[in-house]
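In what follows, a single structure is set out as structure tokens and then discussed.
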2 protein chains.
Amino acid sequence: MAPKVSEDYKQARRRELLQAAKRVFIQKGFVHTSMQDIMDEAGISRGAFYSYFDNIDHVFMEVLKYEDQQIIQFLAPPAEGSVWQHLKRWVEDQQGYIESLHDTLLLAKSEFFLSSLYVKNKENFPYISDRYDETAAAIEEAIEEGIRRGEFRTQLRPGTMARFLISFMNGLMLDTYQLGRERTRVEEQLAALLFSLEQMLSPVQG
Amino acid sequence: MAPKVSEDYKQARRRELLQAAKRVFIQKGFVHTSMQDIMDEAGISRGAFYSYFDNIDHVFMEVLKYEDQQIIQFLAPPAEGSVWQHLKRWVEDQQGYIESLHDTLLLAKSEFFLSSLYVKNKENFPYISDRYDETAAAIEEAIEEGIRRGEFRTQLRPGTMARFLISFMNGLMLDTYQLGRERTRVEEQLAALLFSLEQMLSPVQG
DNA sequence: CTTGAAACTATACATAGGTGTCGGTTATAA
DNA sequence: TTATAACCGACACCTATGTATAGTTTCAAG
């Protein structure tokens with residue numbers, strides 16, 4: 001006879017499972033999450049779950065892919081307004097994001113990509129390097145657009161500034177995750193970042 | 001009868017064990033290192049090893065303490081020379097350090113302090129927050145010394161700039177550990193950092 | 001409505017790896 | 001010589017993985 005369920009159903013179920021997995025990863029991180037934890041959260045049996053995913057690395061990578069689908073390119077190319085205002089706004093928005101890091105996959109991602117298994121098998125996991133390059137390229141593109149419009153007068157290469165910004169944000173997020181926003185003084189640091197960017201870009205309409 | 005060995009011997013043995021542990025942690029990180037791995041590296045039996053250390057968290061914390069003893073405060077208060085030259089030199093030195101991250105405890109430390117067990121028991125592990133505060137204070141002190149000498153004309157609070165520097169360096173180190181120095185463009189980023197610091201501090205003798 | 005196959009449950013299993021302890025052995029300082 | 005600290009390695013225990021099995025539910029084609 002015909003298959004029991006439609007392809008759509010399978011897809012939907014799979015998505016449910018990934019959502020459950022995501023909840024667990026957010027709460028427990030990667031290292032301390034077991035397959036059983038995810039099965040319990042999803043309310044599914046061992047056998048059924050293993051028919052969807054091979055192992056926990058597989059589950060996690062699928063969660064990341066699923067997550068990426070949802071993320072809109074808010075860092076995307078600048079709209080019609082001022083590029084500087086756009087960047088400034090983005091930096092200011094980061095503050096709210098950083099204050100809710102415990103509700104994100106930050107911990108799980110950091111653990112996963114630090115694990116030596118990953119670092120020693122970079123080739124098999126192009127995800128993170130691709131992600132880094134894409135993010136850098138997006139920021140770089142925004143800066144170049146500003147230059148094209150005559151809005152910025154830059155002292156450094158756009159790609160350098162983009163990566164500088166990424167390094168800073170990554171460091172700030174991890175430190176703040178571990179130590180809390182009071183100790184790292186998030187707001188002040190972001191203000192310092194804006195100051196730096198302003199010096200680097202010399203925006204005409206500061 | 002009297003104890004079999006001298007106190008000195010015990011201390012020395014303990015140090016040997018910590019050195020072996022350190023080698024393993026450097027090579028395998030924290031998550032993928034087991035007690036057995038360390039015992040094998042040290043060439044000691046389970047029982048003997050457990051008479052020195054209670055569990056792997058204990059071993060790791062002791063490694064960190066041992067490591068701290070060795071580290072001299074090279075970021076220490078500025079000598080008699082120019083504070084700006086001192087800071088500049090320090091940043092330049094970081095490049096070499098960053099290129100050999102795989103021979104350090106960076107991975108192990110990151111893994112250890114990320115593990116949710118740690119994050120959810122901050123109180124029990126004052127190490128990392130103390131370390132952060134101390135480092136920030138050291139940089140802050142250097143900057144303030146520059147101000148006192150009339151060498152710097154700062155736009156931002158010294159504590160903010162210190163933490164800004166730490167965030168950036170932490171982010172750069174982790175990204176570079178994972179992606180390699182070509183991809184993150186370490187040299188250029190450090191140049192950008194120097195540019196930023198120069199704008200922030202306005203050193204009189206650039 | 002029947003029915004057959006897919007999806008699922010619950011549980012058992014073999015494997016693997018790690019933990020911390022314990023009784024016995026070795027080596028040395030008194 | 002001898003008591004005792006330092007050491008050894010087997011052991012019992014636990015947790016997790018991935019597979020396998022038998023039996024049950026569900027759904028859609030016929």
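Labels for the structure tokens follow display order: chains A, B, ..., residues from 1 in each chain, ligands from 1.
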Neighbours of segment 124-133 of chain B within 9 Å (only C-alpha atoms (C1' of nucleotides); same-chain residues fewer than 2 positions away dropped), as a ChimeraX atom specification? /A:175,178-179,183-184 /B:61,113,118-119,121-122,135-138,163,166
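Those residues of chain B that fall within 12 Å of chain D when using only C-alpha atoms (C1' of nucleotides) read B:Met1, B:Ala2, B:Pro3, B:Lys4, B:Val5, B:Ser6, B:Glu7, B:Tyr9, B:Lys10, B:Arg13, B:Gly43, B:Ile44, B:Ser45, B:Arg46, B:Gly47, B:Ala48, B:Phe49, B:Tyr50, B:Ser51, B:Tyr52.
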Serialized selection, N, CA and C atoms, as a PDB file, in the first residue's frame:
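Okay, this is what ended up in again_33.pdb:
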ATOM      1  N   MET B   1      55.811   4.517  62.227  1.00  0.00           N
ATOM      2  CA  MET B   1      57.063   5.081  61.696  1.00  0.00           C
ATOM      3  C   MET B   1      56.818   6.380  60.934  1.00  0.00           C
ATOM      4  N   ALA B   2      57.872   7.000  60.536  1.00  0.00           N
ATOM      5  CA  ALA B   2      57.754   8.284  59.843  1.00  0.00           C
ATOM      6  C   ALA B   2      57.197   8.071  58.432  1.00  0.00           C
ATOM      7  N   PRO B   3      56.682   9.126  57.839  1.00  0.00           N
ATOM      8  CA  PRO B   3      56.172   9.040  56.479  1.00  0.00           C
ATOM      9  C   PRO B   3      57.264   8.603  55.510  1.00  0.00           C
ATOM     10  N   LYS B   4      56.850   7.948  54.493  1.00  0.00           N
ATOM     11  CA  LYS B   4      57.800   7.328  53.584  1.00  0.00           C
ATOM     12  C   LYS B   4      58.676   8.335  52.823  1.00  0.00           C
ATOM     13  N   VAL B   5      58.083   9.434  52.434  1.00  0.00           N
ATOM     14  CA  VAL B   5      58.858  10.401  51.653  1.00  0.00           C
ATOM     15  C   VAL B   5      58.775  11.783  52.276  1.00  0.00           C
ATOM     16  N   SER B   6      59.644  12.636  51.831  1.00  0.00           N
ATOM     17  CA  SER B   6      59.648  13.989  52.375  1.00  0.00           C
ATOM     18  C   SER B   6      58.517  14.810  51.766  1.00  0.00           C
ATOM     19  N   GLU B   7      58.215  15.902  52.420  1.00  0.00           N
ATOM     20  CA  GLU B   7      57.177  16.802  51.907  1.00  0.00           C
ATOM     21  C   GLU B   7      57.597  17.375  50.560  1.00  0.00           C
ATOM     22  N   TYR B   9      59.315  15.900  48.297  1.00  0.00           N
ATOM     23  CA  TYR B   9      59.078  14.907  47.261  1.00  0.00           C
ATOM     24  C   TYR B   9      57.635  14.960  46.794  1.00  0.00           C
ATOM     25  N   LYS B  10      56.734  14.989  47.763  1.00  0.00           N
ATOM     26  CA  LYS B  10      55.311  15.052  47.430  1.00  0.00           C
ATOM     27  C   LYS B  10      55.001  16.265  46.555  1.00  0.00           C
ATOM     28  N   ARG B  13      56.383  15.707  43.097  1.00  0.00           N
ATOM     29  CA  ARG B  13      55.571  14.727  42.371  1.00  0.00           C
ATOM     30  C   ARG B  13      54.292  15.381  41.887  1.00  0.00           C
ATOM     31  N   GLY B  43      52.173   8.427  33.643  1.00  0.00           N
ATOM     32  CA  GLY B  43      52.702   7.124  34.025  1.00  0.00           C
ATOM     33  C   GLY B  43      52.474   6.827  35.487  1.00  0.00           C
ATOM     34  N   ILE B  44      51.225   6.960  35.905  1.00  0.00           N
ATOM     35  CA  ILE B  44      50.887   6.715  37.305  1.00  0.00           C
ATOM     36  C   ILE B  44      49.595   5.921  37.350  1.00  0.00           C
ATOM     37  N   SER B  45      49.390   5.212  38.435  1.00  0.00           N
ATOM     38  CA  SER B  45      48.191   4.377  38.548  1.00  0.00           C
ATOM     39  C   SER B  45      46.983   5.215  38.980  1.00  0.00           C
ATOM     40  N   ARG B  46      45.818   4.623  38.789  1.00  0.00           N
ATOM     41  CA  ARG B  46      44.586   5.303  39.201  1.00  0.00           C
ATOM     42  C   ARG B  46      44.619   5.694  40.668  1.00  0.00           C
ATOM     43  N   GLY B  47      44.884   4.699  41.490  1.00  0.00           N
ATOM     44  CA  GLY B  47      44.848   4.926  42.928  1.00  0.00           C
ATOM     45  C   GLY B  47      45.770   6.044  43.369  1.00  0.00           C
ATOM     46  N   ALA B  48      46.993   5.986  42.871  1.00  0.00           N
ATOM     47  CA  ALA B  48      47.961   7.012  43.257  1.00  0.00           C
ATOM     48  C   ALA B  48      47.498   8.384  42.815  1.00  0.00           C
ATOM     49  N   PHE B  49      47.018   8.435  41.585  1.00  0.00           N
ATOM     50  CA  PHE B  49      46.607   9.737  41.059  1.00  0.00           C
ATOM     51  C   PHE B  49      45.444  10.303  41.871  1.00  0.00           C
ATOM     52  N   TYR B  50      44.498   9.432  42.194  1.00  0.00           N
ATOM     53  CA  TYR B  50      43.341   9.903  42.963  1.00  0.00           C
ATOM     54  C   TYR B  50      43.727  10.323  44.375  1.00  0.00           C
ATOM     55  N   SER B  51      44.892   9.908  44.828  1.00  0.00           N
ATOM     56  CA  SER B  51      45.325  10.354  46.159  1.00  0.00           C
ATOM     57  C   SER B  51      45.849  11.789  46.093  1.00  0.00           C
ATOM     58  N   TYR B  52      46.101  12.248  44.867  1.00  0.00           N
ATOM     59  CA  TYR B  52      46.551  13.642  44.706  1.00  0.00           C
ATOM     60  C   TYR B  52      45.401  14.577  44.338  1.00  0.00           C
TER      61      TYR B  52
END
Give me the least-squares superposed chain A (reference chain B; all C-alpha atoms paired in order) as a JSON list (two decimals) with C-alpha atoms, in the first residue's frame.
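Result file is out.json:
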[["chain", "number", "residue", "atom", "x", "y", "z"],
["A", 1, "MET", "CA", 57.96, 4.99, 61.59],
["A", 2, "ALA", "CA", 58.41, 8.29, 59.88],
["A", 3, "PRO", "CA", 56.63, 9.11, 56.63],
["A", 4, "LYS", "CA", 58.24, 7.60, 53.61],
["A", 5, "VAL", "CA", 59.05, 10.78, 51.72],
["A", 6, "SER", "CA", 59.63, 14.41, 52.46],
["A", 7, "GLU", "CA", 57.03, 17.07, 51.97],
["A", 8, "ASP", "CA", 59.21, 18.51, 49.24],
["A", 9, "TYR", "CA", 59.02, 15.27, 47.33],
["A", 10, "LYS", "CA", 55.25, 15.24, 47.48],
["A", 11, "GLN", "CA", 55.14, 18.78, 46.20],
["A", 12, "ALA", "CA", 57.52, 17.96, 43.36],
["A", 13, "ARG", "CA", 55.55, 14.88, 42.40],
["A", 14, "ARG", "CA", 52.37, 16.85, 42.44],
["A", 15, "ARG", "CA", 53.94, 19.39, 40.14],
["A", 16, "GLU", "CA", 55.03, 16.63, 37.76],
["A", 17, "LEU", "CA", 51.48, 15.36, 37.64],
["A", 18, "LEU", "CA", 50.15, 18.84, 36.93],
["A", 19, "GLN", "CA", 52.64, 19.28, 34.13],
["A", 20, "ALA", "CA", 51.54, 16.00, 32.57],
["A", 21, "ALA", "CA", 47.92, 17.05, 32.94],
["A", 22, "LYS", "CA", 48.70, 20.38, 31.33],
["A", 23, "ARG", "CA", 50.26, 18.67, 28.31],
["A", 24, "VAL", "CA", 47.16, 16.56, 27.86],
["A", 25, "PHE", "CA", 44.79, 19.51, 28.29],
["A", 26, "ILE", "CA", 46.75, 21.52, 25.74],
["A", 27, "GLN", "CA", 46.57, 18.72, 23.23],
["A", 28, "LYS", "CA", 43.02, 17.47, 23.77],
["A", 29, "GLY", "CA", 41.20, 20.34, 25.42],
["A", 30, "PHE", "CA", 39.08, 19.86, 28.53],
["A", 31, "VAL", "CA", 35.99, 18.09, 27.26],
["A", 32, "HIS", "CA", 37.77, 15.18, 25.61],
["A", 33, "THR", "CA", 40.32, 14.57, 28.33],
["A", 34, "SER", "CA", 39.71, 11.76, 30.83],
["A", 35, "MET", "CA", 41.44, 10.98, 34.10],
["A", 36, "GLN", "CA", 42.91, 7.90, 32.42],
["A", 37, "ASP", "CA", 44.46, 10.04, 29.68],
["A", 38, "ILE", "CA", 46.30, 12.05, 32.32],
["A", 39, "MET", "CA", 47.37, 8.97, 34.26],
["A", 40, "ASP", "CA", 48.77, 7.44, 31.10],
["A", 41, "GLU", "CA", 50.66, 10.60, 30.23],
["A", 42, "ALA", "CA", 52.04, 10.84, 33.76],
["A", 43, "GLY", "CA", 52.76, 7.12, 34.00],
["A", 44, "ILE", "CA", 51.01, 6.68, 37.31],
["A", 45, "SER", "CA", 48.43, 4.26, 38.60],
["A", 46, "ARG", "CA", 44.80, 5.08, 39.25],
["A", 47, "GLY", "CA", 45.04, 4.80, 42.99],
["A", 48, "ALA", "CA", 48.12, 6.95, 43.28],
["A", 49, "PHE", "CA", 46.67, 9.65, 41.08],
["A", 50, "TYR", "CA", 43.40, 9.77, 42.97],
["A", 51, "SER", "CA", 45.39, 10.24, 46.17],
["A", 52, "TYR", "CA", 46.54, 13.55, 44.72],
["A", 53, "PHE", "CA", 43.38, 14.80, 43.02],
["A", 54, "ASP", "CA", 39.68, 14.20, 43.61],
["A", 55, "ASN", "CA", 38.31, 14.59, 40.10],
["A", 56, "ILE", "CA", 39.10, 16.15, 36.77],
["A", 57, "ASP", "CA", 37.66, 19.56, 37.62],
["A", 58, "HIS", "CA", 39.99, 19.64, 40.57],
["A", 59, "VAL", "CA", 42.95, 18.71, 38.37],
["A", 60, "PHE", "CA", 42.11, 21.44, 35.91],
["A", 61, "MET", "CA", 41.72, 24.16, 38.50],
["A", 62, "GLU", "CA", 45.08, 23.17, 39.98],
["A", 63, "VAL", "CA", 46.66, 23.33, 36.54],
["A", 64, "LEU", "CA", 45.31, 26.85, 36.20],
["A", 65, "LYS", "CA", 46.67, 27.88, 39.58],
["A", 66, "TYR", "CA", 50.05, 26.39, 38.71],
["A", 67, "GLU", "CA", 49.98, 28.20, 35.37],
["A", 68, "ASP", "CA", 49.14, 31.51, 37.01],
["A", 69, "GLN", "CA", 52.13, 31.21, 39.30],
["A", 70, "GLN", "CA", 54.40, 31.05, 36.29],
["A", 71, "ILE", "CA", 52.92, 33.95, 34.40],
["A", 72, "ILE", "CA", 54.78, 37.14, 35.03],
["A", 73, "GLN", "CA", 52.83, 40.32, 34.82],
["A", 74, "PHE", "CA", 54.15, 41.34, 31.42],
["A", 75, "LEU", "CA", 51.13, 43.54, 31.06],
["A", 76, "ALA", "CA", 52.31, 45.02, 34.32],
["A", 77, "PRO", "CA", 52.46, 48.70, 35.22],
["A", 78, "PRO", "CA", 54.46, 50.74, 32.71],
["A", 79, "ALA", "CA", 58.21, 51.02, 33.25],
["A", 80, "GLU", "CA", 60.05, 54.31, 33.09],
["A", 81, "GLY", "CA", 59.64, 54.60, 29.31],
["A", 82, "SER", "CA", 56.63, 55.87, 27.36],
["A", 83, "VAL", "CA", 53.37, 54.25, 28.33],
["A", 84, "TRP", "CA", 52.15, 54.45, 24.76],
["A", 85, "GLN", "CA", 55.20, 52.64, 23.45],
["A", 86, "HIS", "CA", 54.69, 50.07, 26.15],
["A", 87, "LEU", "CA", 51.08, 49.43, 25.11],
["A", 88, "LYS", "CA", 52.00, 49.43, 21.45],
["A", 89, "ARG", "CA", 54.71, 46.92, 22.07],
["A", 90, "TRP", "CA", 52.31, 44.72, 24.00],
["A", 91, "VAL", "CA", 49.80, 44.70, 21.17],
["A", 92, "GLU", "CA", 52.51, 43.85, 18.67],
["A", 93, "ASP", "CA", 53.70, 41.01, 20.87],
["A", 94, "GLN", "CA", 50.24, 39.53, 20.84],
["A", 95, "GLN", "CA", 50.64, 38.59, 17.21],
["A", 96, "GLY", "CA", 53.26, 35.96, 17.99],
["A", 97, "TYR", "CA", 51.18, 34.66, 20.84],
["A", 98, "ILE", "CA", 48.08, 34.35, 18.73],
["A", 99, "GLU", "CA", 49.96, 32.34, 16.13],
["A", 100, "SER", "CA", 50.74, 29.64, 18.67],
["A", 101, "LEU", "CA", 47.38, 29.33, 20.36],
["A", 102, "HIS", "CA", 47.31, 25.61, 19.69],
["A", 103, "ASP", "CA", 50.17, 25.18, 22.14],
["A", 104, "THR", "CA", 48.29, 26.88, 24.95],
["A", 105, "LEU", "CA", 45.42, 26.11, 27.29],
["A", 106, "LEU", "CA", 43.08, 28.40, 25.34],
["A", 107, "LEU", "CA", 40.86, 25.58, 24.09],
["A", 108, "ALA", "CA", 40.73, 23.81, 27.45],
["A", 109, "LYS", "CA", 40.01, 27.02, 29.33],
["A", 110, "SER", "CA", 37.28, 28.06, 26.93],
["A", 111, "GLU", "CA", 35.64, 24.66, 27.12],
["A", 112, "PHE", "CA", 35.87, 24.53, 30.88],
["A", 113, "PHE", "CA", 34.46, 27.96, 31.53],
["A", 114, "LEU", "CA", 31.72, 27.63, 28.94],
["A", 115, "SER", "CA", 30.43, 24.38, 30.33],
["A", 116, "SER", "CA", 27.09, 25.19, 31.82],
["A", 117, "LEU", "CA", 28.16, 23.55, 35.04],
["A", 118, "TYR", "CA", 30.53, 26.43, 35.49],
["A", 119, "VAL", "CA", 28.22, 29.17, 34.33],
["A", 120, "LYS", "CA", 25.52, 27.96, 36.67],
["A", 121, "ASN", "CA", 27.90, 27.83, 39.60],
["A", 122, "LYS", "CA", 29.81, 31.04, 39.19],
["A", 123, "GLU", "CA", 30.05, 31.45, 42.97],
["A", 124, "ASN", "CA", 32.11, 28.29, 43.27],
["A", 125, "PHE", "CA", 34.57, 29.33, 40.63],
["A", 126, "PRO", "CA", 35.65, 32.91, 41.27],
["A", 127, "TYR", "CA", 38.70, 32.22, 39.16],
["A", 128, "ILE", "CA", 37.49, 33.59, 35.85],
["A", 129, "SER", "CA", 35.79, 36.71, 37.12],
["A", 130, "ASP", "CA", 38.76, 37.50, 39.30],
["A", 131, "ARG", "CA", 41.01, 36.97, 36.32],
["A", 132, "TYR", "CA", 38.89, 39.30, 34.21],
["A", 133, "ASP", "CA", 38.85, 42.02, 36.85],
["A", 134, "GLU", "CA", 42.57, 41.75, 37.44],
["A", 135, "THR", "CA", 43.43, 41.99, 33.76],
["A", 136, "ALA", "CA", 41.09, 44.93, 33.29],
["A", 137, "ALA", "CA", 42.56, 46.64, 36.34],
["A", 138, "ALA", "CA", 46.12, 46.15, 35.06],
["A", 139, "ILE", "CA", 45.36, 47.76, 31.70],
["A", 140, "GLU", "CA", 43.30, 50.46, 33.36],
["A", 141, "GLU", "CA", 46.21, 51.23, 35.65],
["A", 142, "ALA", "CA", 48.59, 51.54, 32.72],
["A", 143, "ILE", "CA", 46.26, 53.98, 30.99],
["A", 144, "GLU", "CA", 45.79, 56.03, 34.14],
["A", 145, "GLU", "CA", 49.53, 56.22, 34.57],
["A", 146, "GLY", "CA", 49.72, 57.62, 31.06],
["A", 147, "ILE", "CA", 47.10, 60.20, 31.90],
["A", 148, "ARG", "CA", 48.93, 61.17, 35.08],
["A", 149, "ARG", "CA", 52.09, 61.74, 33.09],
["A", 150, "GLY", "CA", 50.20, 63.96, 30.70],
["A", 151, "GLU", "CA", 50.92, 61.51, 27.92],
["A", 152, "PHE", "CA", 47.29, 60.63, 27.15],
["A", 153, "ARG", "CA", 44.29, 62.82, 26.53],
["A", 154, "THR", "CA", 41.44, 60.35, 26.80],
["A", 155, "GLN", "CA", 37.93, 60.63, 25.52],
["A", 156, "LEU", "CA", 36.61, 57.59, 27.35],
["A", 157, "ARG", "CA", 36.95, 56.15, 30.83],
["A", 158, "PRO", "CA", 40.10, 54.06, 31.26],
["A", 159, "GLY", "CA", 38.09, 51.10, 32.57],
["A", 160, "THR", "CA", 35.95, 51.16, 29.45],
["A", 161, "MET", "CA", 38.94, 51.17, 27.13],
["A", 162, "ALA", "CA", 40.56, 48.37, 29.10],
["A", 163, "ARG", "CA", 37.48, 46.19, 28.77],
["A", 164, "PHE", "CA", 37.13, 47.12, 25.13],
["A", 165, "LEU", "CA", 40.64, 45.88, 24.53],
["A", 166, "ILE", "CA", 39.95, 42.64, 26.38],
["A", 167, "SER", "CA", 36.77, 41.95, 24.42],
["A", 168, "PHE", "CA", 38.55, 42.46, 21.16],
["A", 169, "MET", "CA", 41.52, 40.29, 22.07],
["A", 170, "ASN", "CA", 39.33, 37.47, 23.38],
["A", 171, "GLY", "CA", 37.25, 37.49, 20.23],
["A", 172, "LEU", "CA", 40.25, 37.64, 17.97],
["A", 173, "MET", "CA", 41.95, 34.77, 19.77],
["A", 174, "LEU", "CA", 38.96, 32.47, 19.63],
["A", 175, "ASP", "CA", 38.14, 33.24, 16.02],
["A", 176, "THR", "CA", 41.75, 32.74, 15.04],
["A", 177, "TYR", "CA", 42.02, 29.52, 16.99],
["A", 178, "GLN", "CA", 39.11, 28.13, 15.03],
["A", 179, "LEU", "CA", 39.69, 29.65, 11.62],
["A", 180, "GLY", "CA", 43.39, 30.32, 11.35],
["A", 181, "ARG", "CA", 45.25, 33.58, 11.14],
["A", 182, "GLU", "CA", 44.93, 34.04, 7.40],
["A", 183, "ARG", "CA", 41.18, 33.97, 7.49],
["A", 184, "THR", "CA", 40.85, 36.37, 10.41],
["A", 185, "ARG", "CA", 43.69, 38.56, 9.13],
["A", 186, "VAL", "CA", 45.32, 38.87, 12.50],
["A", 187, "GLU", "CA", 47.99, 41.42, 11.58],
["A", 188, "GLU", "CA", 45.51, 43.81, 10.00],
["A", 189, "GLN", "CA", 43.13, 43.53, 12.91],
["A", 190, "LEU", "CA", 45.89, 44.30, 15.38],
["A", 191, "ALA", "CA", 46.84, 47.30, 13.29],
["A", 192, "ALA", "CA", 43.22, 48.42, 13.46],
["A", 193, "LEU", "CA", 43.32, 47.99, 17.21],
["A", 194, "LEU", "CA", 46.37, 50.20, 17.43],
["A", 195, "PHE", "CA", 44.63, 52.78, 15.29],
["A", 196, "SER", "CA", 41.63, 52.71, 17.62],
["A", 197, "LEU", "CA", 43.73, 52.98, 20.73],
["A", 198, "GLU", "CA", 45.59, 55.89, 19.24],
["A", 199, "GLN", "CA", 42.32, 57.70, 18.60],
["A", 200, "MET", "CA", 41.08, 56.90, 22.08],
["A", 201, "LEU", "CA", 44.24, 57.91, 23.93],
["A", 202, "SER", "CA", 45.64, 60.67, 21.71],
["A", 203, "PRO", "CA", 49.19, 59.96, 22.83],
["A", 204, "VAL", "CA", 51.41, 63.04, 22.69],
["A", 205, "GLN", "CA", 54.39, 61.27, 21.20],
["A", 206, "GLY", "CA", 52.61, 59.01, 18.68]]
Residues of chain C within 10 Å of chain A, only C-alpha atoms (C1' of nucleotides) counted, as a PDB file with C-alpha atoms (C1' of nucleotides), in the first residue's frame:
ATOM      1  C1'  DT C   3      -5.987  -3.940   4.882  1.00  0.00           C
ATOM      2  C1'  DG C   4      -1.122  -3.491   4.420  1.00  0.00           C
ATOM      3  C1'  DA C   5       2.665  -0.810   5.173  1.00  0.00           C
ATOM      4  C1'  DA C   6       4.746   2.940   7.421  1.00  0.00           C
ATOM      5  C1'  DA C   7       5.393   5.192  11.707  1.00  0.00           C
ATOM      6  C1'  DC C   8       5.630   4.622  16.219  1.00  0.00           C
ATOM      7  C1'  DT C   9       6.299   2.709  21.309  1.00  0.00           C
ATOM      8  C1'  DA C  10       8.666   0.325  24.728  1.00  0.00           C
TER       9       DA C  10
END
For the helix (DSSP H, G or I) assignment from backbone DSSP, which residues of chain B qualify? Please present them as a PyMOL selection string. chain B and resi 7-28+35-42+46-52+56-70+83-99+101-103+106-114+116-119+122-124+127-148+158-179+181-184+186-201
